[in-house]
$ cat upload-v5.cif   # mmCIF, C-alpha atoms and all ligand atoms
data_coords
#
loop_
_atom_site.group_PDB
_atom_site.id
_atom_site.type_symbol
_atom_site.label_atom_id
_atom_site.label_comp_id
_atom_site.auth_asym_id
_atom_site.auth_seq_id
_atom_site.Cartn_x
_atom_site.Cartn_y
_atom_site.Cartn_z
ATOM 1 C CA MET A 1 -26.100 -11.817 -59.238
ATOM 2 C CA VAL A 2 -26.991 -9.164 -56.696
ATOM 3 C CA LEU A 3 -24.958 -8.275 -53.612
ATOM 4 C CA THR A 4 -27.278 -6.963 -50.881
ATOM 5 C CA VAL A 5 -25.853 -5.070 -47.894
ATOM 6 C CA ASP A 6 -27.681 -4.071 -44.707
ATOM 7 C CA VAL A 7 -25.911 -1.506 -42.516
ATOM 8 C CA GLY A 8 -27.513 -1.689 -39.072
ATOM 9 C CA ASN A 9 -26.453 0.156 -35.935
ATOM 10 C CA THR A 10 -24.475 -2.840 -34.637
ATOM 11 C CA ARG A 11 -23.161 -4.781 -37.617
ATOM 12 C CA ILE A 12 -23.177 -5.040 -41.375
ATOM 13 C CA LYS A 13 -24.881 -8.033 -42.967
ATOM 14 C CA ALA A 14 -24.516 -8.975 -46.624
ATOM 15 C CA SER A 15 -25.810 -11.679 -48.915
ATOM 16 C CA VAL A 16 -25.248 -12.631 -52.550
ATOM 17 C CA PHE A 17 -28.400 -13.594 -54.470
ATOM 18 C CA GLU A 18 -28.813 -15.494 -57.696
ATOM 19 C CA GLY A 19 -32.464 -14.811 -58.529
ATOM 20 C CA SER A 20 -34.251 -15.407 -55.230
ATOM 21 C CA THR A 21 -31.656 -17.832 -53.839
ATOM 22 C CA ALA A 22 -29.146 -16.588 -51.266
ATOM 23 C CA LEU A 23 -25.784 -18.132 -52.179
ATOM 24 C CA GLU A 24 -23.824 -16.985 -49.141
ATOM 25 C CA ASN A 25 -24.308 -14.727 -46.108
ATOM 26 C CA PHE A 26 -21.693 -12.516 -44.448
ATOM 27 C CA VAL A 27 -21.525 -10.505 -41.203
ATOM 28 C CA PHE A 28 -18.842 -7.932 -40.491
ATOM 29 C CA GLU A 29 -17.939 -4.775 -38.572
ATOM 30 C CA LYS A 30 -18.295 -1.272 -39.964
ATOM 31 C CA ASN A 31 -14.571 -0.540 -40.111
ATOM 32 C CA GLU A 32 -14.123 -3.566 -42.373
ATOM 33 C CA LEU A 33 -16.749 -2.636 -44.937
ATOM 34 C CA GLU A 34 -14.590 -2.024 -47.996
ATOM 35 C CA LYS A 35 -12.222 -4.931 -47.313
ATOM 36 C CA ASN A 36 -15.150 -7.340 -47.029
ATOM 37 C CA ILE A 37 -17.035 -6.080 -50.080
ATOM 38 C CA GLU A 38 -13.781 -6.405 -51.999
ATOM 39 C CA LYS A 39 -13.455 -10.065 -50.889
ATOM 40 C CA ILE A 40 -17.079 -10.864 -51.725
ATOM 41 C CA LEU A 41 -16.720 -9.365 -55.200
ATOM 42 C CA ILE A 42 -13.604 -11.434 -55.859
ATOM 43 C CA LYS A 43 -15.450 -14.619 -54.907
ATOM 44 C CA PHE A 44 -18.671 -13.659 -56.733
ATOM 45 C CA SER A 45 -17.264 -11.818 -59.711
ATOM 46 C CA ASN A 46 -20.580 -12.088 -61.590
ATOM 47 C CA CYS A 47 -22.326 -9.592 -59.276
ATOM 48 C CA SER A 48 -23.886 -6.911 -61.453
ATOM 49 C CA ASP A 49 -25.577 -4.854 -58.715
ATOM 50 C CA LEU A 50 -24.746 -3.729 -55.199
ATOM 51 C CA VAL A 51 -27.922 -2.898 -53.287
ATOM 52 C CA VAL A 52 -27.729 -1.107 -49.927
ATOM 53 C CA SER A 53 -30.021 -0.334 -47.004
ATOM 54 C CA SER A 54 -28.287 1.772 -44.351
ATOM 55 C CA VAL A 55 -29.446 3.244 -41.041
ATOM 56 C CA GLY A 56 -25.914 3.200 -39.637
ATOM 57 C CA LYS A 57 -23.214 5.874 -39.702
ATOM 58 C CA ILE A 58 -21.825 4.613 -43.000
ATOM 59 C CA GLU A 59 -22.840 6.878 -45.817
ATOM 60 C CA LYS A 60 -23.306 6.471 -49.515
ATOM 61 C CA GLU A 61 -19.730 7.517 -50.307
ATOM 62 C CA SER A 62 -18.277 4.318 -48.827
ATOM 63 C CA PHE A 63 -20.071 2.318 -51.487
ATOM 64 C CA LEU A 64 -19.311 4.585 -54.410
ATOM 65 C CA ALA A 65 -15.756 3.216 -54.559
ATOM 66 C CA PHE A 66 -17.289 0.123 -56.184
ATOM 67 C CA GLU A 67 -19.136 2.001 -58.907
ATOM 68 C CA ASN A 68 -16.519 1.170 -61.525
ATOM 69 C CA ARG A 69 -17.115 -2.552 -60.900
ATOM 70 C CA LEU A 70 -20.913 -2.816 -60.692
ATOM 71 C CA LYS A 71 -24.069 -0.733 -60.393
ATOM 72 C CA VAL A 72 -24.617 0.669 -56.898
ATOM 73 C CA HIS A 73 -28.130 1.279 -55.621
ATOM 74 C CA PHE A 74 -28.531 2.984 -52.259
ATOM 75 C CA PHE A 75 -32.194 2.762 -51.172
ATOM 76 C CA THR A 76 -33.813 6.038 -50.043
ATOM 77 C CA HIS A 77 -37.311 7.343 -49.347
ATOM 78 C CA GLU A 78 -37.490 8.456 -52.985
ATOM 79 C CA ASP A 79 -37.639 4.851 -54.268
ATOM 80 C CA VAL A 80 -40.878 3.128 -55.195
ATOM 81 C CA PHE A 81 -42.244 0.770 -52.559
ATOM 82 C CA PRO A 82 -45.151 -1.678 -52.858
ATOM 83 C CA PHE A 83 -47.086 -0.213 -49.893
ATOM 84 C CA THR A 84 -48.791 3.094 -49.071
ATOM 85 C CA ASN A 85 -46.886 4.892 -46.352
ATOM 86 C CA LYS A 86 -49.270 6.188 -43.663
ATOM 87 C CA TYR A 87 -46.511 7.128 -41.177
ATOM 88 C CA ALA A 88 -47.099 10.731 -40.107
ATOM 89 C CA THR A 89 -43.391 11.484 -40.698
ATOM 90 C CA PRO A 90 -42.563 9.316 -43.729
ATOM 91 C CA LYS A 91 -39.186 10.991 -44.292
ATOM 92 C CA THR A 92 -37.945 9.997 -40.842
ATOM 93 C CA LEU A 93 -39.008 6.366 -41.142
ATOM 94 C CA GLY A 94 -35.919 4.111 -41.084
ATOM 95 C CA ILE A 95 -35.045 2.789 -44.522
ATOM 96 C CA ASP A 96 -34.523 -0.670 -42.952
ATOM 97 C CA ARG A 97 -38.134 -0.594 -41.746
ATOM 98 C CA MET A 98 -39.296 0.413 -45.235
ATOM 99 C CA ILE A 99 -37.387 -2.507 -46.750
ATOM 100 C CA LEU A 100 -38.871 -4.912 -44.178
ATOM 101 C CA ALA A 101 -42.379 -3.606 -44.880
ATOM 102 C CA SER A 102 -41.730 -3.962 -48.579
ATOM 103 C CA GLY A 103 -40.496 -7.571 -48.220
ATOM 104 C CA ALA A 104 -43.519 -8.459 -46.088
ATOM 105 C CA THR A 105 -45.868 -6.911 -48.664
ATOM 106 C CA LEU A 106 -44.259 -8.752 -51.580
ATOM 107 C CA GLN A 107 -43.773 -12.128 -49.852
ATOM 108 C CA PHE A 108 -47.104 -12.294 -48.030
ATOM 109 C CA PRO A 109 -49.573 -10.435 -50.267
ATOM 110 C CA LYS A 110 -52.966 -9.104 -49.159
ATOM 111 C CA GLN A 111 -52.957 -9.948 -45.480
ATOM 112 C CA ASN A 112 -52.209 -8.156 -42.213
ATOM 113 C CA ARG A 113 -48.483 -8.398 -41.482
ATOM 114 C CA LEU A 114 -46.395 -7.578 -38.416
ATOM 115 C CA VAL A 115 -42.617 -7.517 -38.839
ATOM 116 C CA ILE A 116 -40.497 -7.620 -35.673
ATOM 117 C CA ASP A 117 -36.794 -6.893 -36.134
ATOM 118 C CA ALA A 118 -34.825 -7.645 -32.965
ATOM 119 C CA GLY A 119 -31.544 -5.866 -33.724
ATOM 120 C CA THR A 120 -29.847 -2.948 -31.955
ATOM 121 C CA CYS A 121 -33.406 -1.745 -31.420
ATOM 122 C CA ILE A 122 -36.536 -3.837 -31.610
ATOM 123 C CA THR A 123 -38.690 -2.406 -34.375
ATOM 124 C CA TYR A 124 -42.316 -3.331 -34.968
ATOM 125 C CA ASP A 125 -43.828 -2.589 -38.371
ATOM 126 C CA PHE A 126 -47.434 -3.237 -39.295
ATOM 127 C CA ILE A 127 -48.791 -3.399 -42.857
ATOM 128 C CA ASP A 128 -52.517 -4.036 -43.180
ATOM 129 C CA GLU A 129 -54.265 -6.252 -45.746
ATOM 130 C CA ASN A 130 -54.782 -3.243 -48.031
ATOM 131 C CA ASP A 131 -51.010 -2.647 -48.151
ATOM 132 C CA ASN A 132 -51.123 0.400 -45.911
ATOM 133 C CA TYR A 133 -48.007 0.772 -43.774
ATOM 134 C CA LEU A 134 -49.384 2.019 -40.436
ATOM 135 C CA GLY A 135 -46.263 2.250 -38.238
ATOM 136 C CA GLY A 136 -45.351 0.270 -35.130
ATOM 137 C CA ALA A 137 -42.873 0.766 -32.322
ATOM 138 C CA ILE A 138 -39.192 1.230 -31.511
ATOM 139 C CA SER A 139 -37.663 -0.017 -28.257
ATOM 140 C CA PRO A 140 -34.178 -0.971 -27.012
ATOM 141 C CA GLY A 141 -32.778 -4.296 -28.223
ATOM 142 C CA LEU A 142 -31.299 -7.001 -25.997
ATOM 143 C CA ARG A 143 -27.713 -5.794 -25.931
ATOM 144 C CA LEU A 144 -28.769 -2.146 -25.643
ATOM 145 C CA ARG A 145 -30.733 -3.017 -22.487
ATOM 146 C CA TYR A 146 -27.672 -4.579 -20.841
ATOM 147 C CA GLU A 147 -25.497 -1.642 -21.910
ATOM 148 C CA SER A 148 -27.858 1.109 -20.838
ATOM 149 C CA LEU A 149 -28.325 -0.379 -17.354
ATOM 150 C CA HIS A 150 -24.551 -0.183 -16.937
ATOM 151 C CA GLN A 151 -24.014 3.129 -18.647
ATOM 152 C CA PHE A 152 -26.680 5.125 -16.850
ATOM 153 C CA THR A 153 -26.183 3.823 -13.303
ATOM 154 C CA ALA A 154 -23.280 3.913 -10.867
ATOM 155 C CA LYS A 155 -23.549 0.356 -9.555
ATOM 156 C CA LEU A 156 -24.744 -1.962 -12.265
ATOM 157 C CA PRO A 157 -22.101 -4.092 -14.006
ATOM 158 C CA LEU A 158 -21.978 -4.564 -17.760
ATOM 159 C CA LEU A 159 -23.210 -8.088 -18.409
ATOM 160 C CA THR A 160 -23.609 -10.044 -21.598
ATOM 161 C CA PHE A 161 -26.541 -12.276 -22.395
ATOM 162 C CA GLU A 162 -27.129 -15.221 -20.097
ATOM 163 C CA GLU A 163 -30.255 -17.286 -19.670
ATOM 164 C CA PRO A 164 -31.875 -16.124 -16.383
ATOM 165 C CA GLU A 165 -32.037 -18.867 -13.752
ATOM 166 C CA ASN A 166 -35.395 -17.725 -12.430
ATOM 167 C CA TYR A 167 -37.911 -14.887 -12.718
ATOM 168 C CA VAL A 168 -36.955 -14.020 -9.161
ATOM 169 C CA GLY A 169 -33.356 -12.905 -9.642
ATOM 170 C CA ASN A 170 -31.583 -13.645 -6.321
ATOM 171 C CA SER A 171 -28.424 -11.581 -6.966
ATOM 172 C CA THR A 172 -27.530 -8.401 -8.852
ATOM 173 C CA LYS A 173 -26.446 -10.428 -11.850
ATOM 174 C CA GLN A 174 -29.506 -12.655 -11.815
ATOM 175 C CA ALA A 175 -31.800 -9.665 -11.301
ATOM 176 C CA ILE A 176 -30.305 -7.985 -14.385
ATOM 177 C CA HIS A 177 -30.548 -11.132 -16.516
ATOM 178 C CA SER A 178 -34.136 -11.640 -15.416
ATOM 179 C CA GLY A 179 -35.065 -8.006 -16.086
ATOM 180 C CA VAL A 180 -33.368 -7.784 -19.459
ATOM 181 C CA VAL A 181 -34.111 -11.189 -20.954
ATOM 182 C CA ASN A 182 -37.565 -11.801 -19.489
ATOM 183 C CA GLY A 183 -38.526 -8.162 -20.053
ATOM 184 C CA PHE A 184 -37.478 -8.468 -23.697
ATOM 185 C CA VAL A 185 -39.604 -11.586 -24.234
ATOM 186 C CA TYR A 186 -42.613 -10.249 -22.281
ATOM 187 C CA GLU A 187 -42.551 -7.034 -24.267
ATOM 188 C CA ILE A 188 -42.735 -8.803 -27.592
ATOM 189 C CA ASP A 189 -45.424 -11.262 -26.482
ATOM 190 C CA GLY A 190 -47.349 -8.322 -25.007
ATOM 191 C CA PHE A 191 -47.231 -6.380 -28.283
ATOM 192 C CA ILE A 192 -48.305 -9.429 -30.263
ATOM 193 C CA ASP A 193 -51.283 -9.896 -27.903
ATOM 194 C CA GLU A 194 -52.203 -6.251 -28.419
ATOM 195 C CA TYR A 195 -52.174 -6.604 -32.223
ATOM 196 C CA GLN A 196 -54.054 -9.897 -31.961
ATOM 197 C CA ALA A 197 -56.858 -8.172 -30.048
ATOM 198 C CA GLU A 198 -57.253 -5.598 -32.819
ATOM 199 C CA PHE A 199 -56.476 -7.571 -35.987
ATOM 200 C CA SER A 200 -57.492 -11.181 -35.446
ATOM 201 C CA ASN A 201 -55.752 -12.510 -38.515
ATOM 202 C CA PHE A 202 -52.166 -11.614 -39.300
ATOM 203 C CA ILE A 203 -48.796 -13.120 -40.042
ATOM 204 C CA ILE A 204 -45.787 -12.342 -37.830
ATOM 205 C CA ILE A 205 -42.309 -12.238 -39.289
ATOM 206 C CA LEU A 206 -39.440 -12.181 -36.808
ATOM 207 C CA THR A 207 -35.934 -11.192 -37.840
ATOM 208 C CA GLY A 208 -32.711 -9.526 -36.596
ATOM 209 C CA GLY A 209 -29.685 -10.653 -34.605
ATOM 210 C CA ASP A 210 -31.810 -11.954 -31.722
ATOM 211 C CA ALA A 211 -34.493 -13.681 -33.803
ATOM 212 C CA GLU A 212 -33.239 -17.217 -33.256
ATOM 213 C CA PHE A 213 -32.978 -16.744 -29.525
ATOM 214 C CA LEU A 214 -36.485 -15.305 -29.374
ATOM 215 C CA ALA A 215 -38.137 -17.867 -31.622
ATOM 216 C CA LYS A 216 -37.771 -20.536 -28.948
ATOM 217 C CA ARG A 217 -39.164 -18.384 -26.161
ATOM 218 C CA LEU A 218 -42.177 -16.493 -27.476
ATOM 219 C CA LYS A 219 -45.536 -17.978 -26.607
ATOM 220 C CA ASN A 220 -46.990 -16.792 -29.903
ATOM 221 C CA THR A 221 -46.385 -18.664 -33.145
ATOM 222 C CA ILE A 222 -44.128 -16.727 -35.458
ATOM 223 C CA PHE A 223 -42.244 -17.108 -38.693
ATOM 224 C CA ALA A 224 -38.545 -16.572 -37.827
ATOM 225 C CA ASN A 225 -36.124 -15.721 -40.606
ATOM 226 C CA SER A 226 -32.803 -14.089 -39.713
ATOM 227 C CA ASN A 227 -32.184 -13.273 -43.377
ATOM 228 C CA PHE A 228 -35.509 -11.506 -43.952
ATOM 229 C CA LEU A 229 -34.085 -7.997 -44.361
ATOM 230 C CA LEU A 230 -31.556 -9.079 -46.994
ATOM 231 C CA GLU A 231 -34.183 -11.176 -48.801
ATOM 232 C CA SER A 232 -36.477 -8.145 -48.713
ATOM 233 C CA LEU A 233 -33.715 -5.946 -50.134
ATOM 234 C CA ASN A 234 -33.256 -8.365 -53.012
ATOM 235 C CA GLN A 235 -37.019 -8.501 -53.647
ATOM 236 C CA THR A 236 -37.472 -4.744 -53.364
ATOM 237 C CA PHE A 237 -34.658 -4.263 -55.855
ATOM 238 C CA GLN A 238 -36.399 -6.676 -58.288
ATOM 239 C CA TYR A 239 -39.645 -4.769 -57.697
ATOM 240 C CA LYS A 240 -37.889 -1.477 -58.420
ATOM 241 C CA THR A 241 -36.333 -2.893 -61.606
ATOM 242 C CA ASP A 242 -39.756 -4.128 -62.771
ATOM 243 C CA ASN A 243 -41.500 -0.827 -61.952
ATOM 244 C CA ASP A 244 -38.938 1.714 -63.166
HETATM 245 N N1 LIG A 301 -21.725 -11.320 -32.636
HETATM 246 C C1 LIG A 301 -22.649 -10.453 -32.262
HETATM 247 N N2 LIG A 301 -22.338 -9.142 -32.144
HETATM 248 C C2 LIG A 301 -23.271 -8.240 -31.775
HETATM 249 N N3 LIG A 301 -24.547 -8.565 -31.505
HETATM 250 C C3 LIG A 301 -24.920 -9.840 -31.601
HETATM 251 C C4 LIG A 301 -24.008 -10.840 -31.991
HETATM 252 N N4 LIG A 301 -24.681 -12.026 -32.025
HETATM 253 C C5 LIG A 301 -25.948 -11.760 -31.678
HETATM 254 N N5 LIG A 301 -26.095 -10.457 -31.391
HETATM 255 C C6 LIG A 301 -27.363 -9.836 -30.976
HETATM 256 O O1 LIG A 301 -27.859 -9.198 -32.120
HETATM 257 C C7 LIG A 301 -28.391 -7.911 -31.793
HETATM 258 C C8 LIG A 301 -28.014 -6.970 -32.931
HETATM 259 O O2 LIG A 301 -28.662 -7.472 -34.080
HETATM 260 P P1 LIG A 301 -28.371 -6.996 -35.542
HETATM 261 O O3 LIG A 301 -29.524 -7.511 -36.333
HETATM 262 O O4 LIG A 301 -27.009 -7.369 -35.966
HETATM 263 O O5 LIG A 301 -28.441 -5.412 -35.343
HETATM 264 P P2 LIG A 301 -28.411 -4.220 -36.375
HETATM 265 O O6 LIG A 301 -29.167 -4.682 -37.603
HETATM 266 O O7 LIG A 301 -29.113 -3.140 -35.645
HETATM 267 O O8 LIG A 301 -26.980 -3.914 -36.679
HETATM 268 C C9 LIG A 301 -27.815 -7.506 -30.439
HETATM 269 O O9 LIG A 301 -28.858 -7.047 -29.615
HETATM 270 C C10 LIG A 301 -27.240 -8.787 -29.859
HETATM 271 O O10 LIG A 301 -27.992 -9.243 -28.748
HETATM 272 C C1 LIG A 302 -35.172 2.429 -35.313
HETATM 273 C C2 LIG A 302 -33.811 2.206 -35.961
HETATM 274 C C3 LIG A 302 -32.743 2.947 -35.154
HETATM 275 C C4 LIG A 302 -33.521 0.685 -35.923
HETATM 276 O O1 LIG A 302 -32.179 0.423 -36.281
HETATM 277 P P1 LIG A 302 -31.505 -1.030 -36.115
HETATM 278 O O2 LIG A 302 -31.965 -1.614 -34.833
HETATM 279 O O3 LIG A 302 -32.034 -1.857 -37.268
HETATM 280 O O4 LIG A 302 -30.043 -0.812 -36.244
HETATM 281 C C5 LIG A 302 -33.836 2.681 -37.463
HETATM 282 O O5 LIG A 302 -34.881 2.060 -38.154
HETATM 283 C C6 LIG A 302 -33.972 4.177 -37.558
HETATM 284 O O6 LIG A 302 -32.996 4.896 -37.471
HETATM 285 N N1 LIG A 302 -35.238 4.676 -37.726
HETATM 286 C C7 LIG A 302 -35.546 6.068 -37.840
HETATM 287 C C8 LIG A 302 -36.766 6.421 -37.032
HETATM 288 C C9 LIG A 302 -38.071 5.744 -37.472
HETATM 289 O O7 LIG A 302 -38.055 4.661 -38.070
HETATM 290 O O8 LIG A 302 -39.140 6.330 -37.224
HETATM 291 K K K A 303 -34.165 -3.241 -35.728
#
$ encode --input "upload-v5.cif" --output "structure tokens"
Amino acid sequence: MVLTVDVGNTRIKASVFEGSTALENFVFEKNELEKNIEKILIKFSNCSDLVVSSVGKIEKESFLAFENRLKVHFFTHEDVFPFTNKYATPKTLGIDRMILASGATLQFPKQNRLVIDAGTCITYDFIDENDNYLGGAISPGLRLRYESLHQFTAKLPLLTFEEPENYVGNSTKQAIHSGVVNGFVYEIDGFIDEYQAEFSNFIIILTGGDAEFLAKRLKNTIFANSNFLLESLNQTFQYKTDND
């Protein structure tokens, strides 16, 4: 059994895999990392490996406490990945984006692939049919949009997600909901249209905390899988084991 852990900028997600089957998924806050890993390892005492992707503030050391119980693998840019990295600054590419690109390459071989991860940030990652990772885009995620409107203005309240009543927001609150939620959806549809114009044939994988919400609203057909990053971590770890 493999325990996969994804440290994002908002939350930590974890999943226990037996082969390619996810047995159970967990979500928790950063300050509860060790307590939760402890609990998971009590329940799934057969875990032999702990596999981590982290772009958050939590560093390797937090996981090393478990080294006497199982093998700990912290993914870095030095690992082997199944794609060719064409990013101009490969060392600054988020490890979460590398894992997503890797999962897309392994799960959907030899085709153009666009991965959209709607988390703290929305990240777009494109891997072409020759397994070249080309790059993509980074923009603010849903909650970050609400928070930044409040944080960087004097008059805008801090709101949490609500379905906008209309495109024409008729109050401050409705104007914010319309701007944030509709803007979020338009952006993603707009990007997909842009890719479609250049690469006629490609698969779109949508993941992240806002994937379910988005799946119902995008005009483009997509493959939504909230667990895609953790599945990709598990697959990339298998790939690493096979290629080491
Ligand atoms: N309970 C929750 N706490 C925080 N964000 C949530 C929650 N449920 C859904 N979300 C949405 O998920 C997004 C964060 O997604 P997530 O994939 O957890 O981020 P990250 O991987 O960057 O930590 C936020 O933009 C927010 O809109
Ligand atoms: C863009 C990100 C902040 C996204 O983080 P997330 O929304 O998954 O928490 C992360 O992938 C990152 O720190 N990237 C480094 C810059 C880059 O990928 O080019
Ligand atoms: K993201």
$ closest_residue --input "upload-v5.cif" --among "A:Ser226, A:Thr123, A:Ser53, A:Gln107" --to "A:Ser139" --atoms "only C-alpha atoms"
A:Thr123
$ residues_near_ligand --input "upload-v5.cif" --ligand "ligand LIG 302 (chain A)" --cutoff "10 Å" --atoms "all atoms listed in the file" --output "PyMOL selection string"
chain A and resi 6-12+54-56+87-98+117-125+135-141+144+208-209+229
$ residues_around --input "upload-v5.cif" --residues "A:Lys43" --least-positions-apart "4" --cutoff "12 Å" --atoms "all atoms listed in the file" --output "PDB file with C-alpha atoms, in the frame of the given file"
ATOM      1  CA  MET A   1     -26.100 -11.817 -59.238  1.00  0.00           C
ATOM      2  CA  LEU A   3     -24.958  -8.275 -53.612  1.00  0.00           C
ATOM      3  CA  VAL A  16     -25.248 -12.631 -52.550  1.00  0.00           C
ATOM      4  CA  LEU A  23     -25.784 -18.132 -52.179  1.00  0.00           C
ATOM      5  CA  GLU A  24     -23.824 -16.985 -49.141  1.00  0.00           C
ATOM      6  CA  ASN A  36     -15.150  -7.340 -47.029  1.00  0.00           C
ATOM      7  CA  ILE A  37     -17.035  -6.080 -50.080  1.00  0.00           C
ATOM      8  CA  GLU A  38     -13.781  -6.405 -51.999  1.00  0.00           C
ATOM      9  CA  LYS A  39     -13.455 -10.065 -50.889  1.00  0.00           C
ATOM     10  CA  CYS A  47     -22.326  -9.592 -59.276  1.00  0.00           C
TER      11      CYS A  47
END
$ residues_around --input "upload-v5.cif" --residues "A:Lys13" --least-positions-apart "5" --cutoff "6 Å" --atoms "only C-alpha atoms" --output "list in words"
Val5, Asp6, Phe26 and Val27 of chain A
$ resolve_selection --input "upload-v5.cif" --expression "the PyMOL selection byres (((chain A and resi 59) around 12) and not hetatm)" --output "JSON list (two decimals) with C-alpha atoms, keeping the file's coordinate frame"
[["chain", "number", "residue", "atom", "x", "y", "z"],
["A", 7, "VAL", "CA", -25.91, -1.51, -42.52],
["A", 8, "GLY", "CA", -27.51, -1.69, -39.07],
["A", 30, "LYS", "CA", -18.30, -1.27, -39.96],
["A", 33, "LEU", "CA", -16.75, -2.64, -44.94],
["A", 52, "VAL", "CA", -27.73, -1.11, -49.93],
["A", 53, "SER", "CA", -30.02, -0.33, -47.00],
["A", 54, "SER", "CA", -28.29, 1.77, -44.35],
["A", 55, "VAL", "CA", -29.45, 3.24, -41.04],
["A", 56, "GLY", "CA", -25.91, 3.20, -39.64],
["A", 57, "LYS", "CA", -23.21, 5.87, -39.70],
["A", 58, "ILE", "CA", -21.82, 4.61, -43.00],
["A", 60, "LYS", "CA", -23.31, 6.47, -49.52],
["A", 61, "GLU", "CA", -19.73, 7.52, -50.31],
["A", 62, "SER", "CA", -18.28, 4.32, -48.83],
["A", 63, "PHE", "CA", -20.07, 2.32, -51.49],
["A", 64, "LEU", "CA", -19.31, 4.58, -54.41],
["A", 65, "ALA", "CA", -15.76, 3.22, -54.56],
["A", 74, "PHE", "CA", -28.53, 2.98, -52.26],
["A", 75, "PHE", "CA", -32.19, 2.76, -51.17],
["A", 76, "THR", "CA", -33.81, 6.04, -50.04]]
$ closest_residue --input "upload-v5.cif" --among "A:Val185, A:Leu149, A:Ala104, A:Ala175" --to "A:Phe223" --atoms "all atoms listed in the file"
A:Ala104
$ resolve_selection --input "upload-v5.cif" --expression "the PyMOL selection byres (((chain A and resi 50) around 7) and not hetatm)" --output "VMD selection string"
chain A and resid 2 to 4 49 51 to 52 70 to 73
$ atom_distance --input "upload-v5.cif" --atom1 "atom CA of A:Ser148" --atom2 "atom CA of A:Glu194"
26.5 Å
$ resolve_selection --input "upload-v5.cif" --expression "the PyMOL selection byres (((chain A and resi 82-84) around 8) and not hetatm)" --output "PyMOL selection string"
chain A and resi 80-81+85-86+101-102+105-106+127+131-133+239
$ closest_residue --input "upload-v5.cif" --among "A:Phe199, A:Glu212, A:Ile116, A:Gln235" --to "A:Glu187" --atoms "all atoms listed in the file"
A:Ile116
$ closest_residue --input "upload-v5.cif" --among "A:Gln151, A:His177, A:Val115, A:Phe108" --to "ligand K 303 (chain A)" --atoms "all atoms listed in the file"
A:Val115
$ atom_distance --input "upload-v5.cif" --atom1 "atom O4 of ligand LIG 301 (chain A)" --atom2 "atom CA of A:Leu158"
19.1 Å
$ atom_distance --input "upload-v5.cif" --atom1 "atom CA of A:Lys219" --atom2 "atom CA of A:Val168"
19.8 Å
$ closest_residue --input "upload-v5.cif" --among "A:Phe17, A:Phe126, A:Phe28, A:Tyr195" --to "A:Asn46" --atoms "all atoms listed in the file"
A:Phe17
$ closest_residue --input "upload-v5.cif" --among "A:Thr207, A:Ser171, A:Asn166, A:Thr153" --to "ligand K 303 (chain A)" --atoms "all atoms listed in the file"
A:Thr207
